[in-house]
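Trainee: I'm passing along run31.cif; it holds mmCIF, C-alpha atoms (C1' of nucleotides).
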```
data_final
loop_
_atom_site.label_atom_id
_atom_site.label_comp_id
_atom_site.auth_asym_id
_atom_site.auth_seq_id
_atom_site.Cartn_x
_atom_site.Cartn_y
_atom_site.Cartn_z
CA MET S 1466 17.92 -24.87 -8.90
CA ALA S 1467 17.51 -21.45 -7.43
CA SER S 1468 14.92 -18.93 -8.43
CA THR S 1469 13.93 -19.54 -11.99
CA SER S 1470 10.53 -18.70 -13.38
CA GLU S 1471 9.40 -22.25 -12.61
CA ASN S 1472 8.97 -21.83 -8.93
CA LEU S 1473 7.27 -18.50 -9.06
CA THR S 1474 3.81 -18.25 -7.62
CA LYS S 1475 0.73 -17.49 -9.67
CA ASN S 1476 0.70 -13.78 -8.91
CA GLN S 1477 4.40 -13.49 -9.51
CA LYS S 1478 4.12 -15.24 -12.87
CA THR S 1479 1.24 -13.03 -13.88
CA VAL S 1480 3.11 -9.83 -13.05
CA LEU S 1481 6.31 -11.02 -14.65
CA GLY S 1482 4.36 -12.02 -17.76
CA VAL S 1483 2.92 -8.57 -18.21
CA LEU S 1484 6.31 -6.97 -17.81
CA GLU S 1485 7.99 -9.38 -20.21
CA ASN S 1486 5.41 -8.68 -22.86
CA SER S 1487 5.76 -4.95 -22.49
CA SER S 1488 8.15 -3.12 -24.77
CA GLU S 1489 8.67 -0.51 -22.11
CA PRO S 1490 8.86 -0.12 -18.35
CA MET S 1491 5.53 -0.16 -16.58
CA LYS S 1492 4.20 1.53 -13.48
CA ALA S 1493 2.75 -0.57 -10.69
CA TYR S 1494 -0.79 0.67 -11.21
CA THR S 1495 -0.59 0.17 -14.96
CA ILE S 1496 0.35 -3.42 -14.28
CA LEU S 1497 -2.59 -3.65 -11.89
CA TYR S 1498 -5.09 -2.37 -14.46
CA ASP S 1499 -3.70 -4.76 -17.05
CA ILE S 1500 -4.20 -7.84 -14.96
CA GLN S 1501 -7.35 -7.22 -13.02
CA LYS S 1502 -9.01 -9.74 -15.27
CA LYS S 1503 -6.61 -12.37 -14.03
CA GLY S 1504 -7.72 -12.18 -10.45
CA ILE S 1505 -5.33 -9.60 -9.11
CA LYS S 1506 -7.41 -6.92 -7.53
CA SER S 1507 -5.30 -4.84 -5.21
CA PRO S 1508 -2.11 -2.79 -5.47
CA LEU S 1509 -0.61 -4.84 -2.71
CA GLN S 1510 -0.72 -7.99 -4.77
CA VAL S 1511 1.24 -6.25 -7.47
CA TYR S 1512 3.75 -4.71 -5.08
CA ARG S 1513 4.32 -8.01 -3.35
CA ALA S 1514 4.97 -9.77 -6.62
CA LEU S 1515 7.28 -6.96 -7.71
CA ASP S 1516 9.23 -7.14 -4.44
CA LYS S 1517 9.86 -10.81 -4.93
CA LEU S 1518 10.73 -10.48 -8.62
CA ILE S 1519 13.15 -7.67 -7.83
CA GLU S 1520 14.69 -9.72 -5.05
CA ILE S 1521 15.47 -12.59 -7.40
CA GLY S 1522 16.67 -10.26 -10.17
CA LYS S 1523 13.90 -10.91 -12.67
CA VAL S 1524 12.67 -7.34 -12.47
CA HIS S 1525 14.42 -4.05 -11.88
CA LYS S 1526 12.99 -0.77 -10.67
CA ILE S 1527 13.76 2.47 -12.41
CA GLU S 1528 13.85 4.84 -9.49
CA SER S 1529 13.57 8.11 -11.32
CA ARG S 1530 10.40 6.96 -13.02
CA ASN S 1531 8.78 4.72 -10.44
CA SER S 1532 8.70 2.13 -13.15
CA TYR S 1533 9.47 -1.54 -13.35
CA VAL S 1534 11.07 -3.54 -16.14
CA ALA S 1535 11.63 -7.23 -16.73
CA CYS S 1536 15.27 -8.18 -17.04
CA LYS S 1537 16.12 -9.78 -20.33
CA HIS S 1538 19.49 -11.11 -19.28
CA GLU S 1539 19.57 -14.73 -18.36
CA GLY S 1540 21.00 -14.97 -14.89
CA CYS S 1541 21.32 -11.24 -14.49
CA ASN S 1542 23.52 -10.48 -11.56
CA ALA S 1543 21.87 -7.14 -11.05
CA LYS S 1544 19.85 -8.44 -8.17
CA THR S 1545 20.61 -5.29 -6.32
CA SER S 1546 22.50 -2.92 -8.58
CA THR S 1547 21.03 -1.52 -11.76
CA SER S 1548 22.32 0.62 -14.61
CA PHE S 1549 20.06 2.04 -17.29
CA LEU S 1550 20.18 4.17 -20.39
CA ILE S 1551 16.92 6.09 -20.61
CA CYS S 1552 15.88 7.93 -23.73
CA GLU S 1553 14.39 11.30 -22.89
CA LYS S 1554 12.56 11.43 -26.17
CA CYS S 1555 10.88 8.05 -26.50
CA ASP S 1556 11.33 6.64 -22.97
CA ASN S 1557 13.07 3.59 -24.35
CA VAL S 1558 15.15 1.91 -21.66
CA THR S 1559 18.25 -0.24 -22.09
CA GLU S 1560 20.09 -1.99 -19.34
CA LEU S 1561 23.85 -1.62 -19.20
CA ILE S 1562 25.43 -4.98 -18.55
CA GLY S 1563 28.70 -6.78 -18.54
CA ASN S 1564 30.63 -3.65 -17.82
CA ASN S 1565 33.01 -2.75 -15.08
CA LEU S 1566 30.83 -0.25 -13.33
CA PHE S 1567 31.12 -2.12 -10.10
CA SER S 1568 34.86 -1.74 -9.83
CA TYR S 1569 34.75 1.84 -11.03
CA PHE S 1570 32.21 2.79 -8.40
CA SER S 1571 34.09 0.92 -5.71
CA LYS S 1572 37.11 3.06 -6.46
CA GLN S 1573 35.11 6.26 -6.43
CA ALA S 1574 33.63 5.24 -3.10
CA ASP S 1575 37.02 4.32 -1.69
CA LYS S 1576 38.28 7.83 -2.30
CA ASN S 1577 35.59 8.95 0.12
CA ASN S 1578 36.30 6.18 2.61
CA PHE S 1579 32.97 4.70 1.70
CA LYS S 1580 32.37 0.97 1.42
CA TYR S 1581 30.55 0.20 -1.81
CA ASN S 1582 27.72 -2.29 -1.63
CA LYS S 1583 25.45 -1.61 -4.59
CA HIS S 1584 24.27 1.19 -6.84
CA CYS S 1585 21.62 2.49 -9.12
CA LEU S 1586 22.65 4.43 -12.18
CA GLU S 1587 20.31 6.12 -14.61
CA ILE S 1588 21.77 7.81 -17.65
CA PHE S 1589 19.47 10.09 -19.62
CA GLY S 1590 19.91 11.14 -23.22
CA LEU S 1591 19.00 10.04 -26.71
CA CYS S 1592 18.74 6.47 -27.89
CA GLU S 1593 20.11 5.50 -31.29
CA ASN S 1594 16.81 5.94 -33.11
CA CYS S 1595 15.99 9.31 -31.62
CA LYS S 1596 19.55 10.50 -32.19
CA LEU S 1597 19.16 9.82 -35.92
CA LYS S 1598 15.77 11.47 -36.11
CA ASN S 1599 17.11 14.48 -34.28
CA GLN S 1600 19.70 15.19 -36.96
CA PHE S 1601 17.02 16.33 -39.37
CA ILE S 1602 15.21 18.74 -37.13
CA MET U 1247 24.37 37.73 -11.90
CA ALA U 1248 22.52 34.51 -12.46
CA SER U 1249 20.67 32.55 -9.85
CA THR U 1250 22.27 33.16 -6.49
CA SER U 1251 20.33 32.97 -3.27
CA GLU U 1252 19.74 36.71 -3.46
CA ASN U 1253 17.09 36.64 -6.11
CA LEU U 1254 15.16 33.75 -4.70
CA THR U 1255 11.59 34.37 -3.71
CA LYS U 1256 10.30 34.17 -0.18
CA ASN U 1257 9.05 30.59 -0.45
CA GLN U 1258 12.18 29.45 -2.20
CA LYS U 1259 14.36 31.04 0.49
CA THR U 1260 12.29 29.44 3.21
CA VAL U 1261 12.54 25.97 1.70
CA LEU U 1262 16.23 26.32 0.94
CA GLY U 1263 16.81 27.53 4.49
CA VAL U 1264 15.26 24.45 6.01
CA LEU U 1265 17.28 22.16 3.78
CA GLU U 1266 20.52 23.99 4.46
CA ASN U 1267 19.99 23.71 8.20
CA SER U 1268 19.25 20.02 7.99
CA SER U 1269 22.07 17.57 8.50
CA GLU U 1270 20.31 15.09 6.30
CA PRO U 1271 18.08 14.92 3.23
CA MET U 1272 14.46 15.81 3.84
CA LYS U 1273 11.21 14.68 2.31
CA ALA U 1274 8.86 17.21 0.82
CA TYR U 1275 6.19 16.76 3.46
CA THR U 1276 8.72 16.94 6.26
CA ILE U 1277 9.79 20.27 4.87
CA LEU U 1278 6.16 21.29 4.73
CA TYR U 1279 5.51 20.43 8.38
CA ASP U 1280 8.66 22.27 9.42
CA ILE U 1281 7.67 25.52 7.80
CA GLN U 1282 3.94 25.74 8.22
CA LYS U 1283 4.59 28.42 10.80
CA LYS U 1284 6.24 30.52 8.15
CA GLY U 1285 3.17 30.82 5.97
CA ILE U 1286 3.63 27.85 3.70
CA LYS U 1287 0.52 25.78 3.94
CA SER U 1288 0.31 23.47 0.95
CA PRO U 1289 2.46 20.75 -0.61
CA LEU U 1290 2.39 22.58 -3.89
CA GLN U 1291 4.19 25.55 -2.45
CA VAL U 1292 6.97 23.26 -1.32
CA TYR U 1293 7.15 21.37 -4.58
CA ARG U 1294 7.23 24.57 -6.60
CA ALA U 1295 10.06 25.93 -4.53
CA LEU U 1296 11.91 22.63 -4.82
CA ASP U 1297 11.47 22.58 -8.59
CA LYS U 1298 13.05 25.98 -8.91
CA LEU U 1299 15.86 25.23 -6.46
CA ILE U 1300 16.64 22.02 -8.31
CA GLU U 1301 16.58 23.86 -11.63
CA ILE U 1302 19.23 26.31 -10.46
CA GLY U 1303 21.31 23.63 -8.81
CA LYS U 1304 20.84 24.70 -5.20
CA VAL U 1305 19.00 21.51 -4.33
CA HIS U 1306 19.29 17.96 -5.58
CA LYS U 1307 16.76 15.19 -5.42
CA ILE U 1308 17.71 11.73 -4.24
CA GLU U 1309 15.48 9.62 -6.42
CA SER U 1310 15.66 6.36 -4.55
CA ARG U 1311 14.52 8.05 -1.37
CA ASN U 1312 12.21 10.75 -2.62
CA SER U 1313 14.32 13.13 -0.61
CA TYR U 1314 15.84 16.51 -1.21
CA VAL U 1315 19.16 17.90 -0.12
CA ALA U 1316 20.74 21.34 -0.29
CA CYS U 1317 23.92 21.44 -2.33
CA LYS U 1318 26.93 22.57 -0.33
CA HIS U 1319 29.15 23.18 -3.32
CA GLU U 1320 29.46 26.77 -4.40
CA GLY U 1321 28.49 26.92 -8.04
CA CYS U 1322 27.71 23.25 -8.24
CA ASN U 1323 27.48 22.21 -11.85
CA ALA U 1324 25.16 19.38 -10.98
CA LYS U 1325 22.14 21.31 -12.15
CA THR U 1326 20.94 18.21 -13.80
CA SER U 1327 23.23 15.33 -12.97
CA THR U 1328 23.72 14.04 -9.46
CA SER U 1329 25.97 11.49 -7.80
CA PHE U 1330 25.55 10.39 -4.21
CA LEU U 1331 27.05 8.07 -1.67
CA ILE U 1332 24.27 6.89 0.61
CA CYS U 1333 24.96 5.09 3.86
CA GLU U 1334 22.58 2.19 4.34
CA LYS U 1335 23.15 2.22 8.08
CA CYS U 1336 22.79 5.86 9.07
CA ASP U 1337 21.30 7.39 5.93
CA ASN U 1338 24.12 9.89 5.71
CA VAL U 1339 24.45 11.27 2.20
CA THR U 1340 27.55 12.64 0.51
CA GLU U 1341 27.68 14.16 -2.91
CA LEU U 1342 30.40 12.98 -5.28
CA ILE U 1343 31.95 15.95 -7.01
CA GLY U 1344 34.86 17.01 -9.13
CA ASN U 1345 35.18 13.60 -10.63
CA ASN U 1346 35.19 12.40 -14.18
CA LEU U 1347 31.91 10.54 -14.05
CA PHE U 1348 30.58 12.56 -16.94
CA SER U 1349 33.21 11.39 -19.39
CA TYR U 1350 33.07 7.85 -18.10
CA PHE U 1351 29.33 7.66 -18.57
CA SER U 1352 29.55 9.27 -21.97
CA LYS U 1353 31.86 6.49 -23.07
CA GLN U 1354 29.61 3.80 -21.65
CA ALA U 1355 26.68 5.38 -23.46
CA ASP U 1356 28.62 5.65 -26.71
CA LYS U 1357 29.19 1.91 -26.71
CA ASN U 1358 25.41 1.59 -26.92
CA ASN U 1359 25.05 4.31 -29.53
CA PHE U 1360 23.38 6.40 -26.90
CA LYS U 1361 23.90 10.14 -26.59
CA TYR U 1362 24.63 11.06 -22.97
CA ASN U 1363 22.90 14.08 -21.58
CA LYS U 1364 22.79 13.70 -17.82
CA HIS U 1365 22.67 11.08 -15.12
CA CYS U 1366 21.74 10.22 -11.61
CA LEU U 1367 23.93 7.88 -9.66
CA GLU U 1368 23.24 6.56 -6.19
CA ILE U 1369 25.82 4.37 -4.53
CA PHE U 1370 24.75 2.50 -1.41
CA GLY U 1371 27.04 1.13 1.24
CA LEU U 1372 28.70 2.14 4.48
CA CYS U 1373 30.02 5.59 5.29
CA GLU U 1374 33.31 5.98 7.09
CA ASN U 1375 31.79 6.14 10.56
CA CYS U 1376 29.54 3.15 10.14
CA LYS U 1377 32.35 1.18 8.54
CA LEU U 1378 34.44 1.66 11.67
CA LYS U 1379 31.60 0.77 14.01
CA ASN U 1380 30.88 -2.33 11.96
CA GLN U 1381 34.33 -3.78 12.56
CA PHE U 1382 33.45 -4.48 16.18
CA ILE U 1383 30.20 -6.27 15.62
"C1'" DA N 620 -2.06 53.23 -15.82
"C1'" DG N 621 -1.76 49.07 -18.83
"C1'" DT N 622 0.43 44.77 -20.01
"C1'" DG N 623 2.94 40.52 -19.61
"C1'" DT N 624 5.29 37.21 -16.91
"C1'" DA N 625 6.40 34.86 -12.93
"C1'" DA N 626 5.15 33.65 -8.51
"C1'" DT N 627 1.60 32.68 -5.17
"C1'" DG N 628 -2.50 30.79 -2.71
"C1'" DT N 629 -6.01 27.38 -2.24
"C1'" DT N 630 -8.69 23.37 -2.96
"C1'" DA N 631 -9.06 19.16 -4.68
"C1'" DT N 632 -7.34 15.04 -6.45
"C1'" DA N 633 -4.10 11.83 -8.70
"C1'" DA N 634 -0.43 8.57 -8.31
"C1'" DT N 635 2.49 5.65 -5.66
"C1'" DA N 636 3.13 2.60 -1.78
"C1'" DT N 637 2.39 0.38 2.84
"C1'" DT N 638 -0.05 -1.33 7.30
"C1'" DA N 639 -2.80 -4.43 9.48
"C1'" DC N 640 -4.90 -8.51 9.92
"C1'" DA N 641 -7.46 -12.70 8.70
"C1'" DT N 642 -6.97 -16.76 5.73
"C1'" DT N 643 -5.01 -20.20 2.69
"C1'" DT N 644 -1.42 -22.78 0.49
"C1'" DT N 645 2.83 -25.13 0.45
"C1'" DG N 646 6.08 -28.23 1.59
"C1'" DA N 647 9.23 -30.35 4.73
"C1'" DA N 648 9.55 -33.18 9.16
"C1'" DT N 649 7.62 -36.32 11.67
"C1'" DA P 1316 -1.08 -39.15 6.25
"C1'" DT P 1317 -0.62 -35.56 9.82
"C1'" DT P 1318 1.28 -31.75 11.78
"C1'" DC P 1319 3.47 -27.52 11.76
"C1'" DA P 1320 5.73 -23.39 10.33
"C1'" DA P 1321 6.75 -20.46 6.71
"C1'" DA P 1322 5.32 -18.28 2.77
"C1'" DA P 1323 1.88 -16.49 0.04
"C1'" DT P 1324 -2.70 -14.58 -0.50
"C1'" DG P 1325 -6.93 -11.66 -0.02
"C1'" DT P 1326 -9.07 -7.55 1.43
"C1'" DA P 1327 -9.84 -3.06 3.32
"C1'" DA P 1328 -8.03 0.87 4.87
"C1'" DT P 1329 -4.67 4.27 4.92
"C1'" DA P 1330 -0.19 6.61 4.31
"C1'" DT P 1331 2.92 8.96 1.31
"C1'" DT P 1332 4.32 11.51 -2.66
"C1'" DA P 1333 3.07 14.61 -6.28
"C1'" DT P 1334 0.19 17.30 -9.61
"C1'" DA P 1335 -4.07 19.63 -11.77
"C1'" DA P 1336 -6.92 23.45 -12.02
"C1'" DC P 1337 -7.84 27.90 -11.43
"C1'" DA P 1338 -8.14 32.41 -9.20
"C1'" DT P 1339 -5.08 36.05 -7.42
"C1'" DT P 1340 -1.04 38.93 -6.55
"C1'" DA P 1341 3.60 41.13 -7.33
"C1'" DC P 1342 6.45 43.40 -10.12
"C1'" DA P 1343 9.14 44.98 -14.00
"C1'" DC P 1344 8.69 47.33 -18.38
"C1'" DT P 1345 6.68 50.22 -21.30
#
```
Before we go any further, please render this structure as structure tokens.

Mentor:
Amino acid sequence: MASTSENLTKNQKTVLGVLENSSEPMKAYTILYDIQKKGIKSPLQVYRALDKLIEIGKVHKIESRNSYVACKHEGCNAKTSTSFLICEKCDNVTELIGNNLFSYFSKQADKNNFKYNKHCLEIFGLCENCKLKNQFI
Amino acid sequence: MASTSENLTKNQKTVLGVLENSSEPMKAYTILYDIQKKGIKSPLQVYRALDKLIEIGKVHKIESRNSYVACKHEGCNAKTSTSFLICEKCDNVTELIGNNLFSYFSKQADKNNFKYNKHCLEIFGLCENCKLKNQFI
DNA sequence: AGTGTAATGTTATAATATTACATTTTGAAT
DNA sequence: ATTCAAAATGTAATATTATAACATTACACT
């Protein structure tokens, strides 16, 4: 068995727990403040846990926001690449999965004689809820 | 006439100048150190200039690197959206342009009942040069 | 000249992330 | 069981990136 939640360390479990219970992406220092009761005292402890969780694909970073989000997809293959829909109104974030972005980007890269390895994609706009609300403004 | 280089302010011209003369993306504080001779003394002056330059599409930000790059494309429409190829070996950055990413992403968003507004895409891999070098390792 | 708006200058500080180094835990090989 | 190396941890300090707050200046338009 590879890297399931079972063989995470204490700090890693704590950080992952906070993220999984959050309805939205969290910043590193917000995570820190949330778990100082649980024995984590320094930013470094959070960043180290995040690094590991990102490495094994349990957590993704949203670059444009310096935020971190737990991945809800069992066995997410987005260990390196990430693709998000980010609502500009309510900050809700959805991960794009099971699509063919990889092959599409590979082709785009090829045209520029560039060898695709991974990507990060962040699409901004309105989520379903906010879209509906917006119609009446 | 809209926002051409002509009606930029002194600070904005200075910052844009540095970026245009750089062969690679620059960080805000690197820009600052480079132009302290020219009367710009504080980070804020750099960030304000960058904000404006980004707003008018003369400069783009590379989110994953906290770096800024001058746009080489006359009348670049990427005022908001950006798409980059980033070499993991040499840090060379190329902007993807004139492609149909917009419509592709709109469709992807639609599938999730999400209204596309803009995006940032960063593709990591090997640029042409580094790809060639790599073959002999 | 007076007014409004944008840009500027300056200081301080907030927010995000890493270095350095000493210590402890873990777990596999003997 | 003991040893050993690798991984993880703890702690303090610091580096890096970005913004807040507020006073001042420049300039176009009346």

Trainee: When the cut-off is 9 Å and we count only C-alpha atoms (C1' of nucleotides), which residues of chain P are near chain S, given as a VMD selection string?

Mentor: chain P and resid 1323 to 1326

Trainee: So which residues get picked by the PyMOL selection byres ((chain U) within 8 of (chain S)) here, written as an MDAnalysis selection string?

Mentor: chainID U and resid 1309:1310 1331 1351 1355 1358:1374 1377

Trainee: Could you list the residues chosen by the PyMOL selection byres ((chain N) within 12 of (chain U)) in this structure as a list in words?

Mentor: DA625, DA626, DT627, DG628, DT629, DT630, DA631 and DT635 of chain N

Trainee: Could you superpose chain S on chain U by least squares over every Cα, matched in sequence order, and send it back as an mmCIF file with C-alpha atoms, in the frame of the given file?

Mentor:
```
data_model
loop_
_atom_site.group_PDB
_atom_site.id
_atom_site.type_symbol
_atom_site.label_atom_id
_atom_site.label_comp_id
_atom_site.auth_asym_id
_atom_site.auth_seq_id
_atom_site.Cartn_x
_atom_site.Cartn_y
_atom_site.Cartn_z
ATOM 1 C CA MET S 1466 24.634 37.662 -11.697
ATOM 2 C CA ALA S 1467 22.693 34.526 -12.349
ATOM 3 C CA SER S 1468 20.769 32.568 -9.796
ATOM 4 C CA THR S 1469 22.295 33.126 -6.421
ATOM 5 C CA SER S 1470 20.349 32.951 -3.200
ATOM 6 C CA GLU S 1471 19.782 36.707 -3.404
ATOM 7 C CA ASN S 1472 17.136 36.652 -6.030
ATOM 8 C CA LEU S 1473 15.194 33.773 -4.642
ATOM 9 C CA THR S 1474 11.616 34.385 -3.674
ATOM 10 C CA LYS S 1475 10.332 34.172 -0.129
ATOM 11 C CA ASN S 1476 9.049 30.621 -0.425
ATOM 12 C CA GLN S 1477 12.185 29.490 -2.162
ATOM 13 C CA LYS S 1478 14.381 31.017 0.536
ATOM 14 C CA THR S 1479 12.307 29.422 3.249
ATOM 15 C CA VAL S 1480 12.549 25.959 1.710
ATOM 16 C CA LEU S 1481 16.226 26.306 0.954
ATOM 17 C CA GLY S 1482 16.828 27.485 4.520
ATOM 18 C CA VAL S 1483 15.253 24.409 6.015
ATOM 19 C CA LEU S 1484 17.264 22.141 3.775
ATOM 20 C CA GLU S 1485 20.524 23.951 4.476
ATOM 21 C CA ASN S 1486 19.998 23.645 8.191
ATOM 22 C CA SER S 1487 19.238 19.964 7.976
ATOM 23 C CA SER S 1488 22.055 17.500 8.483
ATOM 24 C CA GLU S 1489 20.282 15.034 6.262
ATOM 25 C CA PRO S 1490 18.069 14.879 3.195
ATOM 26 C CA MET S 1491 14.454 15.769 3.800
ATOM 27 C CA LYS S 1492 11.195 14.633 2.276
ATOM 28 C CA ALA S 1493 8.849 17.190 0.775
ATOM 29 C CA TYR S 1494 6.182 16.718 3.422
ATOM 30 C CA THR S 1495 8.712 16.897 6.237
ATOM 31 C CA ILE S 1496 9.795 20.234 4.851
ATOM 32 C CA LEU S 1497 6.145 21.268 4.713
ATOM 33 C CA TYR S 1498 5.507 20.385 8.361
ATOM 34 C CA ASP S 1499 8.655 22.226 9.390
ATOM 35 C CA ILE S 1500 7.672 25.480 7.795
ATOM 36 C CA GLN S 1501 3.950 25.701 8.207
ATOM 37 C CA LYS S 1502 4.582 28.357 10.799
ATOM 38 C CA LYS S 1503 6.238 30.481 8.161
ATOM 39 C CA GLY S 1504 3.181 30.791 6.007
ATOM 40 C CA ILE S 1505 3.646 27.853 3.701
ATOM 41 C CA LYS S 1506 0.518 25.810 3.912
ATOM 42 C CA SER S 1507 0.284 23.489 0.959
ATOM 43 C CA PRO S 1508 2.444 20.780 -0.602
ATOM 44 C CA LEU S 1509 2.367 22.643 -3.856
ATOM 45 C CA GLN S 1510 4.208 25.588 -2.401
ATOM 46 C CA VAL S 1511 6.968 23.276 -1.308
ATOM 47 C CA TYR S 1512 7.114 21.398 -4.600
ATOM 48 C CA ARG S 1513 7.216 24.608 -6.573
ATOM 49 C CA ALA S 1514 10.072 25.949 -4.509
ATOM 50 C CA LEU S 1515 11.896 22.633 -4.821
ATOM 51 C CA ASP S 1516 11.452 22.614 -8.607
ATOM 52 C CA LYS S 1517 13.023 26.014 -8.884
ATOM 53 C CA LEU S 1518 15.850 25.243 -6.457
ATOM 54 C CA ILE S 1519 16.622 22.036 -8.327
ATOM 55 C CA GLU S 1520 16.563 23.892 -11.622
ATOM 56 C CA ILE S 1521 19.201 26.349 -10.452
ATOM 57 C CA GLY S 1522 21.294 23.624 -8.799
ATOM 58 C CA LYS S 1523 20.823 24.684 -5.193
ATOM 59 C CA VAL S 1524 18.989 21.491 -4.331
ATOM 60 C CA HIS S 1525 19.264 17.949 -5.600
ATOM 61 C CA LYS S 1526 16.729 15.154 -5.441
ATOM 62 C CA ILE S 1527 17.673 11.709 -4.275
ATOM 63 C CA GLU S 1528 15.465 9.589 -6.461
ATOM 64 C CA SER S 1529 15.652 6.338 -4.586
ATOM 65 C CA ARG S 1530 14.499 8.028 -1.412
ATOM 66 C CA ASN S 1531 12.179 10.744 -2.654
ATOM 67 C CA SER S 1532 14.316 13.091 -0.658
ATOM 68 C CA TYR S 1533 15.818 16.481 -1.249
ATOM 69 C CA VAL S 1534 19.163 17.882 -0.158
ATOM 70 C CA ALA S 1535 20.745 21.310 -0.316
ATOM 71 C CA CYS S 1536 23.928 21.419 -2.342
ATOM 72 C CA LYS S 1537 26.915 22.559 -0.371
ATOM 73 C CA HIS S 1538 29.149 23.193 -3.342
ATOM 74 C CA GLU S 1539 29.435 26.764 -4.402
ATOM 75 C CA GLY S 1540 28.484 26.931 -8.036
ATOM 76 C CA CYS S 1541 27.683 23.259 -8.257
ATOM 77 C CA ASN S 1542 27.433 22.246 -11.851
ATOM 78 C CA ALA S 1543 25.139 19.391 -10.999
ATOM 79 C CA LYS S 1544 22.129 21.300 -12.164
ATOM 80 C CA THR S 1545 20.914 18.199 -13.846
ATOM 81 C CA SER S 1546 23.218 15.320 -13.011
ATOM 82 C CA THR S 1547 23.713 14.054 -9.492
ATOM 83 C CA SER S 1548 25.965 11.488 -7.844
ATOM 84 C CA PHE S 1549 25.547 10.409 -4.243
ATOM 85 C CA LEU S 1550 27.055 8.091 -1.691
ATOM 86 C CA ILE S 1551 24.275 6.917 0.602
ATOM 87 C CA CYS S 1552 24.969 5.132 3.848
ATOM 88 C CA GLU S 1553 22.592 2.236 4.344
ATOM 89 C CA LYS S 1554 23.145 2.277 8.061
ATOM 90 C CA CYS S 1555 22.786 5.910 9.074
ATOM 91 C CA ASP S 1556 21.299 7.434 5.893
ATOM 92 C CA ASN S 1557 24.125 9.926 5.700
ATOM 93 C CA VAL S 1558 24.455 11.297 2.179
ATOM 94 C CA THR S 1559 27.555 12.684 0.480
ATOM 95 C CA GLU S 1560 27.679 14.180 -2.948
ATOM 96 C CA LEU S 1561 30.397 13.010 -5.302
ATOM 97 C CA ILE S 1562 31.939 15.982 -7.033
ATOM 98 C CA GLY S 1563 34.828 17.022 -9.156
ATOM 99 C CA ASN S 1564 35.197 13.605 -10.649
ATOM 100 C CA ASN S 1565 35.170 12.404 -14.190
ATOM 101 C CA LEU S 1566 31.901 10.570 -14.067
ATOM 102 C CA PHE S 1567 30.573 12.555 -16.950
ATOM 103 C CA SER S 1568 33.195 11.388 -19.393
ATOM 104 C CA TYR S 1569 33.064 7.843 -18.097
ATOM 105 C CA PHE S 1570 29.322 7.658 -18.575
ATOM 106 C CA SER S 1571 29.539 9.258 -21.989
ATOM 107 C CA LYS S 1572 31.846 6.464 -23.052
ATOM 108 C CA GLN S 1573 29.605 3.787 -21.619
ATOM 109 C CA ALA S 1574 26.676 5.338 -23.446
ATOM 110 C CA ASP S 1575 28.620 5.594 -26.683
ATOM 111 C CA LYS S 1576 29.198 1.859 -26.688
ATOM 112 C CA ASN S 1577 25.430 1.527 -26.895
ATOM 113 C CA ASN S 1578 25.066 4.244 -29.514
ATOM 114 C CA PHE S 1579 23.383 6.347 -26.896
ATOM 115 C CA LYS S 1580 23.896 10.088 -26.602
ATOM 116 C CA TYR S 1581 24.621 11.006 -23.000
ATOM 117 C CA ASN S 1582 22.880 14.060 -21.627
ATOM 118 C CA LYS S 1583 22.784 13.684 -17.855
ATOM 119 C CA HIS S 1584 22.636 11.057 -15.140
ATOM 120 C CA CYS S 1585 21.704 10.208 -11.630
ATOM 121 C CA LEU S 1586 23.926 7.879 -9.674
ATOM 122 C CA GLU S 1587 23.238 6.573 -6.202
ATOM 123 C CA ILE S 1588 25.832 4.394 -4.542
ATOM 124 C CA PHE S 1589 24.769 2.537 -1.412
ATOM 125 C CA GLY S 1590 27.057 1.165 1.259
ATOM 126 C CA LEU S 1591 28.708 2.188 4.491
ATOM 127 C CA CYS S 1592 29.992 5.636 5.306
ATOM 128 C CA GLU S 1593 33.308 6.041 7.100
ATOM 129 C CA ASN S 1594 31.785 6.204 10.571
ATOM 130 C CA CYS S 1595 29.528 3.208 10.147
ATOM 131 C CA LYS S 1596 32.345 1.233 8.541
ATOM 132 C CA LEU S 1597 34.449 1.716 11.682
ATOM 133 C CA LYS S 1598 31.610 0.836 14.009
ATOM 134 C CA ASN S 1599 30.881 -2.257 11.982
ATOM 135 C CA GLN S 1600 34.334 -3.702 12.598
ATOM 136 C CA PHE S 1601 33.492 -4.398 16.217
ATOM 137 C CA ILE S 1602 30.230 -6.191 15.721
#
```

Trainee: Between N:DT645, N:DT622, N:DT632, N:DT638, which one has atoms that come closest to DA1322 in chain P, using all atoms listed in the file?

Mentor: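 Distance minimum relative to DA1322 in chain P lands on N:DT645.
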
Trainee: Near Tyr1293 in chain U, within 12 Å and counting all atoms listed in the file, which residues show up once chain neighbours fewer than 3 positions away are dropped, as number ranges by chain?

Mentor: U: 1257-1258, 1261-1262, 1273-1278, 1286-1290, 1296-1300, 1305, 1307, 1312-1314; P: 1332-1334

Trainee: Work out how far CA of Ala1316 in chain U is from CA of Val1264 in chain U, in Å to one decimal.

Mentor: 8.9 Å

Trainee: Evaluate the PyMOL selection byres ((chain S and resi 1536) around 7) here and jot the selected residues down as a ChimeraX atom specification.

Mentor: /S:1523-1525,1534-1535,1537-1538

Trainee: Could you jot down the CA of Lys1598 in chain S to CA of Thr1328 in chain U separation for me, Å, one decimal place?

Mentor: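 Pair CA of Lys1598 in chain S / CA of Thr1328 in chain U returns 27.9 Å.
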
Trainee: Kindly provide, as a list in words, the polymer residues lying within 12 Å of (-1.2, 6.2, 10.0), counting only C-alpha atoms (C1' of nucleotides) and using the coordinates exactly as they appear in the file.

Mentor: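 Output: DT637, DT638 and DA639 of chain N; DA1328, DT1329, DA1330 and DT1331 of chain P.
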